[in-house]
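To start, the structure itself, in structure tokens.
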Amino acid sequence: MSIARFPRRRYTAGYTAIEPMDRLSALLGGPRLWIKRDDQLGLAAGGNKTRKLEFLVADALAQGADTLVTTGAPQSNHCRLTAAAAVKEGLKCRLLIEERHAGTYDAEGTGNNFLFDLLGVESIEVVPAGTDLAAGMARIAEALKGEGRRPYVIPGGGSNPLGALGYVACAGEIVAQSADMGVAFDTVVCASGSAGTHAGLLVGLESARSGMPLSGVSVRRPQAEQTALVEGLATRTATLLGHDAAIAMGKTVVDDRWVGDGYALPTDTMVEAVRLLASQEGVLLDPVYTGKAMAGLIGQVREGRWTAGQNVLFVHTGGSPALYAYRPVLAQGVPQA
Ligand SMILES: *Cc1c(COP(=O)(O)O)cnc(C)c1O
């Protein structure tokens, strides 16, 4: 079934740009590197969850919902963008925040955490790592129903088949832009977290027979676990679209060497990547996802994975508000004149 048959809200005008990163490419001395600016998607401060929410929120509205309920980490971009979409649509938003490392939630916190407040989130419940989040959200939804409200529950990262359609659509954009620019990408690289981005891109690139391999950089899980997560979601997304369910089978590539000590915990290579992209390209990455994904891409370039004539596209999935919460590990200090 065509993706055009699914109800969709539009939060971004047109396509996001694909730009060359010639200063970074020259510095690294490998293939020509390009960047897809999904950090410039619509809703507050952009990022990949905007694409997923176009389909998820359309479904919520079709069901007559009045409140979006979702979950994420204390610096969740997904929670920030769900709150922004709720504002835009005149809905309320409630958050279940999972403290993935004990003591990391701070009600006075900066970055996305502060934006939850600014975007008018109705309530925040904080639970420890390992909590059954689906059950937690179901409980919040039941309580709302008891008050005569109409909740709509969105899973963490917006990563179910409906949300992943946002990245099937993004793959369509990349294919069209590649044809238009006359640049065939030898690899497309993205961060791989809750897997909606990775799975959606994979289904979209494969069903278009793009010939562009996709490579995910894990930000959380070991390779085998992340691959299973991506393949499972890709299978269900392909099924939702009425494509061959196995379209993406055996095509999931995950590099798990850049996670460091764990999700959202800083690494030296992440700090280097964030500082390099800012100083060479004027592009702001984030410490949790795109900083580690770019560290992976830089590492692979240094390993000689591509030759000088090749083209590699990095999908910048956003996240820059989290930079502010990481100032102590990222800042070096500007010399005073
Ligand atoms: C959520 C997120 C990702 C990971 O995307 P998934 O679809 O969850 O794998 C990457 N980058 C940023 C900035 C994010 O917020």
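Residue numbers start at 1 in each chain; chains themselves are named A, B, ... in the order of the structure tokens; ligands are numbered from 1 in the order shown.
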Open item on the list: ligand 1: which residues are within 8 Å, counting only C-alpha atoms and all ligand atoms? Reply as a ChimeraX atom specification.
Closed with: /A:39,47-49,76-78,156-159,164,190-199,219,285-286,288-290,316-320
Please, which residues in stretch 247-318 of chain A fall within 7 Å of stretch 177-188 of chain A when counting only C-alpha atoms, and what is the closest atom pair and distance in Å to one decimal for each, ordered by chain then residue number, as a Markdown table?
```
| residue | atom | partner | partner_atom | distance |
| --- | --- | --- | --- | --- |
| A:Gln310 | CA | A:Asp186 | CA | 6.2 |
| A:Asn311 | CA | A:Phe185 | CA | 5.0 |
| A:Val312 | CA | A:Thr187 | CA | 5.1 |
| A:Leu313 | CA | A:Val188 | CA | 4.7 |
| A:Phe314 | CA | A:Val188 | CA | 6.0 |
```
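Considering the residues A:Leu95, A:Ile140, A:Leu133, A:Leu165 and counting only C-alpha atoms, A:Arg51 has its shortest atom-to-atom contact with A:Leu165.
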TODO: Find the spatial neighbours of A:Arg305, counting only C-alpha atoms, within a cut-off of 10 Å - ignore same-chain residues fewer than 6 positions away - and output them as a PyMOL selection string.
DONE: chain A and resi 30-31+297+299
Just write the chosen residues, N, CA, C and O atoms, as a compact mmCIF listing (two decimals), in the first residue's frame.
```txt
# COMPACT_ATOMS: atom_id res chain seq x y z
N GLY A 30 39.00 10.96 3.40
CA GLY A 30 38.39 9.72 2.91
C GLY A 30 37.40 10.00 1.81
O GLY A 30 37.67 10.74 0.87
N PRO A 31 36.19 9.42 1.90
CA PRO A 31 35.15 9.65 0.91
C PRO A 31 34.58 11.06 1.06
O PRO A 31 34.89 11.77 2.02
N LEU A 297 30.97 7.00 12.33
CA LEU A 297 31.28 7.30 10.92
C LEU A 297 32.74 7.73 10.78
O LEU A 297 33.46 7.23 9.89
N GLY A 299 35.22 7.04 12.74
CA GLY A 299 36.05 5.86 12.99
C GLY A 299 36.11 4.96 11.77
O GLY A 299 37.19 4.47 11.39
```
Task: Counting only C-alpha atoms, the option among A:Ala85, A:Leu68, A:Pro161, A:Ala73 closest to A:Leu233 - done: A:Pro161
Task: Nearest-residue call for A:Ala86, choices A:Leu53, A:Ile124, A:Ala264, A:Ala278, using only C-alpha atoms - done: A:Leu53
